[in-house]
Every structure is written in structure tokens, then in C-alpha cells.
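Q: Got a structure for you, data-v4.cif, holding mmCIF, C-alpha atoms.
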data_structure
loop_
_atom_site.label_atom_id
_atom_site.label_comp_id
_atom_site.auth_asym_id
_atom_site.auth_seq_id
_atom_site.Cartn_x
_atom_site.Cartn_y
_atom_site.Cartn_z
CA MET A 1 -8.80 7.57 -2.17
CA ALA A 2 -6.63 10.09 -3.98
CA ALA A 3 -7.94 12.04 -6.95
CA VAL A 4 -10.43 9.60 -8.39
CA THR A 5 -13.14 10.68 -10.80
CA GLY A 6 -16.51 9.37 -11.91
CA LYS A 7 -17.34 6.40 -14.12
CA THR A 8 -15.19 5.65 -17.09
CA ALA A 9 -17.26 6.61 -20.11
CA GLY A 10 -17.85 3.77 -22.55
CA LYS A 11 -16.36 1.14 -20.23
CA PRO A 12 -18.04 -1.49 -18.02
CA ASP A 13 -19.82 -0.25 -14.91
CA ALA A 14 -17.18 -0.25 -12.18
CA GLY A 15 -19.71 -0.49 -9.37
CA SER A 16 -19.52 -4.23 -8.80
CA ALA A 17 -17.32 -7.28 -9.29
CA ALA A 18 -19.62 -8.41 -12.09
CA GLY A 19 -18.94 -5.20 -13.99
CA ALA A 20 -15.22 -5.14 -13.38
CA PRO A 21 -13.05 -3.85 -16.22
CA GLY A 22 -10.82 -6.25 -18.06
CA GLY A 23 -13.20 -9.20 -17.85
CA LEU A 24 -11.92 -10.52 -14.54
CA LYS A 25 -14.46 -13.32 -14.29
CA GLY A 26 -12.96 -14.68 -11.08
CA LEU A 27 -13.30 -11.43 -9.14
CA ALA A 28 -16.74 -12.25 -7.74
CA ALA A 29 -15.45 -15.63 -6.54
CA ALA A 30 -12.49 -13.91 -4.90
CA GLU A 31 -14.82 -11.45 -3.18
CA GLU A 32 -16.96 -14.31 -1.88
CA ALA A 33 -13.87 -16.15 -0.62
CA GLY A 34 -12.87 -13.06 1.32
CA LYS A 35 -16.31 -12.85 2.92
CA LYS A 36 -16.19 -16.49 3.95
CA ALA A 37 -12.75 -15.97 5.49
CA ARG A 38 -14.06 -12.82 7.22
CA GLY A 39 -11.10 -10.93 5.89
CA LEU A 40 -8.98 -10.75 2.78
CA PRO A 41 -9.24 -13.30 -0.04
CA PRO A 42 -6.53 -15.99 0.38
CA VAL A 43 -4.60 -14.95 -2.73
CA HIS A 44 -1.45 -16.63 -1.38
CA LEU A 45 -3.19 -19.99 -1.81
CA TRP A 46 -4.20 -19.47 -5.43
CA ASN A 47 -1.98 -20.42 -8.33
CA PRO A 48 -3.95 -19.89 -11.55
CA GLU A 49 -2.44 -19.61 -15.01
CA PHE A 50 -1.01 -16.23 -16.01
CA CYS A 51 -3.50 -14.60 -18.38
CA GLY A 52 -1.37 -11.69 -19.58
CA ASP A 53 -1.14 -8.04 -18.60
CA LEU A 54 -4.12 -5.78 -17.96
CA ASP A 55 -4.00 -2.09 -18.91
CA MET A 56 -4.22 -1.06 -15.26
CA ARG A 57 -1.85 1.14 -13.29
CA ILE A 58 -1.53 2.38 -9.73
CA ALA A 59 -0.01 5.87 -9.68
CA ARG A 60 2.32 7.07 -6.94
CA ASP A 61 -0.51 9.03 -5.32
CA GLY A 62 -2.60 5.86 -5.00
CA THR A 63 -4.95 6.49 -7.92
CA TRP A 64 -5.95 3.37 -9.88
CA PHE A 65 -6.19 3.78 -13.66
CA TYR A 66 -7.84 1.51 -16.22
CA MET A 67 -6.98 2.17 -19.85
CA GLY A 68 -5.58 5.56 -18.85
CA THR A 69 -8.69 6.72 -16.98
CA PRO A 70 -9.02 6.89 -13.17
CA ILE A 71 -11.32 4.25 -11.69
CA GLY A 72 -14.04 6.19 -9.94
CA ARG A 73 -15.67 3.48 -7.84
CA GLU A 74 -14.06 3.28 -4.41
CA ARG A 75 -15.70 -0.08 -3.69
CA LEU A 76 -14.17 -1.60 -6.80
CA VAL A 77 -10.74 -0.15 -6.08
CA ARG A 78 -10.96 -1.65 -2.61
CA LEU A 79 -11.92 -5.00 -4.11
CA PHE A 80 -9.03 -4.89 -6.56
CA SER A 81 -6.67 -4.05 -3.70
CA THR A 82 -7.70 -7.21 -1.82
CA VAL A 83 -6.63 -9.46 -4.71
CA LEU A 84 -3.37 -7.62 -5.38
CA ARG A 85 -0.25 -9.73 -5.01
CA HIS A 86 3.44 -8.84 -5.23
CA ASP A 87 5.25 -12.00 -6.29
CA GLU A 88 8.87 -13.00 -5.89
CA ASP A 89 9.56 -11.97 -9.48
CA GLY A 90 9.06 -8.36 -8.36
CA LYS A 91 5.90 -7.89 -10.42
CA TYR A 92 2.39 -7.04 -9.31
CA TYR A 93 -0.66 -9.14 -10.18
CA LEU A 94 -4.38 -9.26 -9.60
CA VAL A 95 -5.08 -12.86 -8.60
CA THR A 96 -8.41 -14.70 -8.42
CA PRO A 97 -9.07 -18.44 -8.14
CA VAL A 98 -9.02 -18.74 -11.96
CA GLU A 99 -6.96 -15.80 -13.25
CA LYS A 100 -3.68 -14.00 -12.76
CA VAL A 101 -3.12 -10.74 -14.63
CA GLY A 102 -0.22 -8.31 -14.45
CA ILE A 103 -0.63 -4.63 -13.64
CA VAL A 104 1.79 -1.68 -13.31
CA VAL A 105 2.57 -0.05 -9.97
CA ASP A 106 4.50 3.22 -10.20
CA ASP A 107 5.84 3.10 -6.64
CA ALA A 108 4.08 1.46 -3.68
CA PRO A 109 0.58 0.07 -4.28
CA PHE A 110 -0.94 1.86 -1.28
CA VAL A 111 -0.68 5.28 0.35
CA ALA A 112 -0.80 5.79 4.13
CA VAL A 113 -3.21 8.70 4.58
CA ALA A 114 -3.72 8.72 8.37
CA MET A 115 -1.79 7.82 11.50
CA LYS A 116 -2.91 7.13 15.05
CA VAL A 117 -0.42 7.37 17.91
CA GLU A 118 -0.74 5.38 21.12
CA GLY A 119 1.67 5.56 24.03
CA GLN A 120 5.04 7.29 24.23
CA GLY A 121 8.74 6.57 23.87
CA ARG A 122 9.70 2.96 23.29
CA GLU A 123 6.14 1.87 24.13
CA GLN A 124 4.74 3.99 21.32
CA ARG A 125 2.53 2.35 18.67
CA LEU A 126 1.96 3.93 15.27
CA ALA A 127 -1.13 2.69 13.43
CA PHE A 128 -1.52 3.69 9.79
CA THR A 129 -4.62 3.67 7.59
CA THR A 130 -4.22 3.41 3.82
CA ASN A 131 -6.22 4.97 1.00
CA VAL A 132 -8.00 1.64 0.43
CA GLY A 133 -8.91 1.07 4.09
CA ASP A 134 -6.16 -1.26 5.25
CA GLU A 135 -4.80 -0.74 8.75
CA THR A 136 -1.29 -1.66 9.82
CA VAL A 137 0.68 -1.08 13.02
CA ALA A 138 4.37 -0.41 12.41
CA GLY A 139 6.65 -2.81 14.22
CA PRO A 140 8.97 -5.79 13.69
CA ASP A 141 6.43 -7.54 11.44
CA HIS A 142 5.39 -4.34 9.66
CA PRO A 143 8.58 -2.29 9.35
CA MET A 144 8.96 1.25 8.11
CA ARG A 145 11.71 2.19 5.71
CA PHE A 146 13.00 5.53 4.52
CA GLU A 147 14.62 5.86 1.12
CA ILE A 148 16.29 9.03 -0.09
CA ASP A 149 14.43 10.55 -3.03
CA GLY A 150 16.91 10.95 -5.88
CA GLU A 151 15.26 14.14 -7.11
CA THR A 152 14.52 16.02 -3.88
CA GLY A 153 17.08 14.50 -1.54
CA GLU A 154 14.30 14.02 1.01
CA PRO A 155 13.44 10.71 2.71
CA ALA A 156 10.64 8.78 0.97
CA PRO A 157 8.84 6.92 3.79
CA TYR A 158 7.09 3.56 3.52
CA VAL A 159 5.36 1.14 5.88
CA HIS A 160 4.76 -2.55 5.22
CA VAL A 161 1.08 -3.51 5.00
CA ARG A 162 1.06 -7.20 4.08
CA ALA A 163 2.80 -9.84 1.97
CA ARG A 164 5.40 -7.64 0.22
CA LEU A 165 2.84 -4.84 -0.23
CA ASP A 166 3.93 -1.45 1.12
CA ALA A 167 2.27 1.93 1.54
CA LEU A 168 3.96 5.21 0.75
CA ILE A 169 3.41 7.52 3.74
CA ASN A 170 1.95 10.75 2.38
CA ARG A 171 3.54 14.10 3.08
CA ALA A 172 1.10 15.27 5.75
CA VAL A 173 1.44 12.04 7.74
CA PHE A 174 5.22 12.09 7.33
CA TYR A 175 5.37 15.58 8.85
CA ASP A 176 3.45 14.25 11.86
CA LEU A 177 5.83 11.30 11.99
CA VAL A 178 8.88 13.57 12.05
CA GLU A 179 7.40 15.42 15.03
CA LEU A 180 7.64 12.14 16.94
CA GLY A 181 11.29 11.62 16.03
CA VAL A 182 14.06 11.10 18.59
CA GLU A 183 17.79 10.44 18.49
CA GLU A 184 18.96 6.94 19.29
CA GLU A 185 22.11 4.88 18.97
CA HIS A 186 21.62 2.54 16.02
CA GLU A 187 24.29 0.20 14.67
CA GLY A 188 27.03 2.24 16.32
CA LYS A 189 25.81 5.60 15.05
CA LYS A 190 23.43 8.31 16.22
CA TRP A 191 20.25 8.28 14.16
CA PHE A 192 17.10 10.36 14.10
CA GLY A 193 14.07 8.08 13.88
CA VAL A 194 10.85 6.86 15.46
CA TRP A 195 9.73 4.06 17.74
CA SER A 196 6.75 1.78 17.18
CA SER A 197 5.85 -1.49 18.86
CA GLY A 198 9.28 -1.77 20.45
CA ALA A 199 11.23 -1.27 17.24
CA PHE A 200 13.29 1.76 16.27
CA PHE A 201 13.12 2.87 12.66
CA PRO A 202 15.99 5.17 11.60
CA ILE A 203 15.07 8.01 9.27
CA GLN A 204 18.31 9.94 8.89
CA PRO A 205 21.74 10.20 10.54
CA ALA A 206 21.39 12.61 13.45
CA ASP A 207 24.22 14.83 12.22
CA GLU A 208 22.38 15.36 8.91
CA VAL A 209 19.08 16.46 10.42
CA GLY A 210 18.41 20.07 9.66
CA GLY A 211 21.44 20.24 7.40
#
Render the structure in this file as C-alpha cells.

A:
Amino acid sequence: MAAVTGKTAGKPDAGSAAGAPGGLKGLAAAEEAGKKARGLPPVHLWNPEFCGDLDMRIARDGTWFYMGTPIGRERLVRLFSTVLRHDEDGKYYLVTPVEKVGIVVDDAPFVAVAMKVEGQGREQRLAFTTNVGDETVAGPDHPMRFEIDGETGEPAPYVHVRARLDALINRAVFYDLVELGVEEEHEGKKWFGVWSSGAFFPIQPADEVGG
């Protein structure tokens, strides 16, 4: 996890679901549901009443803040991440069987901090690990996208993790990704990009690379 600190002074103990900030009473039930499913809690099946916004924010570097202070318990951040949902209204929520609260996400909710490469060429598979422990293999069901940063002019890379939740690929991993880049014909134009799981993901027009 990026740049997290110790316990928030004067706030509930962030070491367990029972001591979660913001009074999320349904968090323990969500955690138990995830254990029973042997995976993530089935947040897509839950439709509780909206309970308002929580003073919680995910910064661009992946740090989770509660009331302006970084959450220092990795286990709790992981638990929060499993009940995070990005709804069709474009907003982010923490969802339990009995509650739905809004939070702020500065960019993508996750950060891809590691990449594993298997195979070569069009048979290549790129597996990413996020700051909260999710793993995703880029491909048709988990596409990568590259947006041009308005301030730097550089591509801002993302990979889809699950259910409208993306991870920003951090700078170190992106440099490794670029090393795997090749030129391919894409939609009638030469592009520089990467292959994963049989899909080609264009990063930049080939004639702009190195320009």
C-alpha cells in the first residue's frame, strides 16, 4: 500500500471490521459473506438504502484517507476495497448488505504495483497485482487503456480489475510495460502498444513515439 501511516489518533481502531471508521455496521457481515463465497463479497447483489457520504477518499497514489488522515491498517483498507462499487451514476460507494455510503476517488481506486510477464509476442500474458492485493490479467475482459495526461502530455495507463473498477499502473510498472511494446497495425494505423491474452492494446501512434 502506498504511503500509509499508523493509527488515526482519536478515531476508532482501524484493525478490524468492528472498529471500522464511519460506523459501517454492515462491514462485518460483508466480510463474512466474502468468506462464505471464498472470494469477494457479492456487492453486485446488494441494494441497500443510500446512507449519505462518508468523509473517505482514495488518493491517486492509492492511499485511503478517513477524515483527512491516512488509514494505517492494511487489513482494513483491503476489506474496504472488497466492498467498493462503482455504479452506473459514475460515483463510488462502499456497499454492505445494509448500507451504501459514498466516497471520493481522485482517479482510479487501485494502483497496479507489480507485473508478471508470461510468454512472448501475441501469446504474451501480463498479470498485474494491485496495492490492495487484487490480481488481474490484461486481456479482452480486463482491458488496458492509455489516456494522455493533460499536464505532462504523457500516457496515463490503466488496467481493468473488476466491475468498472480500474487500477492506475504506477510509473515503475509502466516503464517495464513500455519495454514490451511493439508496433502493430491497428484500425488502419501503425501504433506502438503491447499484447496480452491475445489482445493488442495501443499506447501511442508509432510516429509519435520518441517525439

Q: Just say which residues the PyMOL selection byres ((chain A and resi 123-139) around 7) picks in this file, as JSON, numbers by chain.

A: {"A": [1, 78, 110, 111, 112, 113, 114, 115, 116, 117, 118, 119, 120, 121, 122, 140, 141, 142, 143, 144, 159, 161, 195, 196, 197, 198, 199]}

Q: Could you give me, as a list in words, the residues within 7 Å of segment 48-61 of chain A, counting only C-alpha atoms and dropping anything in the same chain fewer than 2 positions from it?

A: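 Contacts, in chain order: Ala2, Gly22, Trp46, Thr63, Trp64, Phe65, Tyr66, Met67, Pro97, Val98, Glu99, Lys100, Val101, Gly102, Ile103, Val104, Val105, Asp106, Asp107, Ala108, Pro109 and Val111 of chain A.
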
Q: Figure out the distance between atom CA of Arg145 of chain A and atom CA of Pro42 of chain A, please, to one decimal in Å.

A: 26.3 Å

Q: As a CSV table (one decimal) with C-alpha atoms, in the coordinates of the input, please: the residues near Phe146 of chain A (cut-off 9 Å, all atoms listed in the file, same-chain neighbours under 6 positions excluded).

A:
chain,number,residue,atom,x,y,z
A,155,PRO,CA,13.4,10.7,2.7
A,156,ALA,CA,10.6,8.8,1.0
A,157,PRO,CA,8.8,6.9,3.8
A,158,TYR,CA,7.1,3.6,3.5
A,159,VAL,CA,5.4,1.1,5.9
A,201,PHE,CA,13.1,2.9,12.7
A,202,PRO,CA,16.0,5.2,11.6
A,203,ILE,CA,15.1,8.0,9.3
A,204,GLN,CA,18.3,9.9,8.9

Q: What is the distance, in Å and to one decimal place, between atom CA of Gly68 of chain A and atom CA of Arg164 of chain A?

A: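 The value is 25.7 Å.
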
Q: Do you have the atom CA of Arg75 of chain A-atom CA of Asn47 of chain A distance handy?

A: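 Those two atoms sit 25.0 Å apart.
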
Q: Give the answer as one residue: which of A:Leu94, A:Leu168, A:Ala163, A:Val173 has the shortest atom-to-atom distance to Glu147 of chain A, using all atoms listed in the file?

A: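 Looking at the shortest contact to Glu147 of chain A, the residue is A:Leu168.
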
Q: Show which residues sit within 12 Å of Lys190 of chain A, as a PDB file with C-alpha atoms, keeping the file's coordinate frame. Count all atoms listed in the file, and ignore same-chain residues fewer than 5 positions away.

A:
ATOM      1  CA  VAL A 182      14.060  11.100  18.590  1.00  0.00           C
ATOM      2  CA  GLU A 183      17.790  10.440  18.490  1.00  0.00           C
ATOM      3  CA  GLU A 184      18.960   6.940  19.290  1.00  0.00           C
ATOM      4  CA  GLU A 185      22.110   4.880  18.970  1.00  0.00           C
ATOM      5  CA  PRO A 202      15.990   5.170  11.600  1.00  0.00           C
ATOM      6  CA  ILE A 203      15.070   8.010   9.270  1.00  0.00           C
ATOM      7  CA  GLN A 204      18.310   9.940   8.890  1.00  0.00           C
ATOM      8  CA  PRO A 205      21.740  10.200  10.540  1.00  0.00           C
ATOM      9  CA  ALA A 206      21.390  12.610  13.450  1.00  0.00           C
ATOM     10  CA  ASP A 207      24.220  14.830  12.220  1.00  0.00           C
ATOM     11  CA  GLU A 208      22.380  15.360   8.910  1.00  0.00           C
ATOM     12  CA  VAL A 209      19.080  16.460  10.420  1.00  0.00           C
TER      13      VAL A 209
END

Q: Please return as a list in words every residue within 9 Å of (-5.0, -12.2, 0.8), taking into account only C-alpha atoms and the file's own coordinates.

A: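 Here is the list of nearby residues: Gly34, Gly39, Leu40, Pro41, Pro42, Val43, His44, Leu45, Thr82, Val83, Leu84, Arg85, Arg162 and Ala163 of chain A.
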
Q: Which of these, A:Glu154, A:Gly90, A:Glu187, A:Phe200, has the shortest distance to Arg171 of chain A once you count all atoms listed in the file?

A: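 Smallest distance to Arg171 of chain A is found for A:Glu154.
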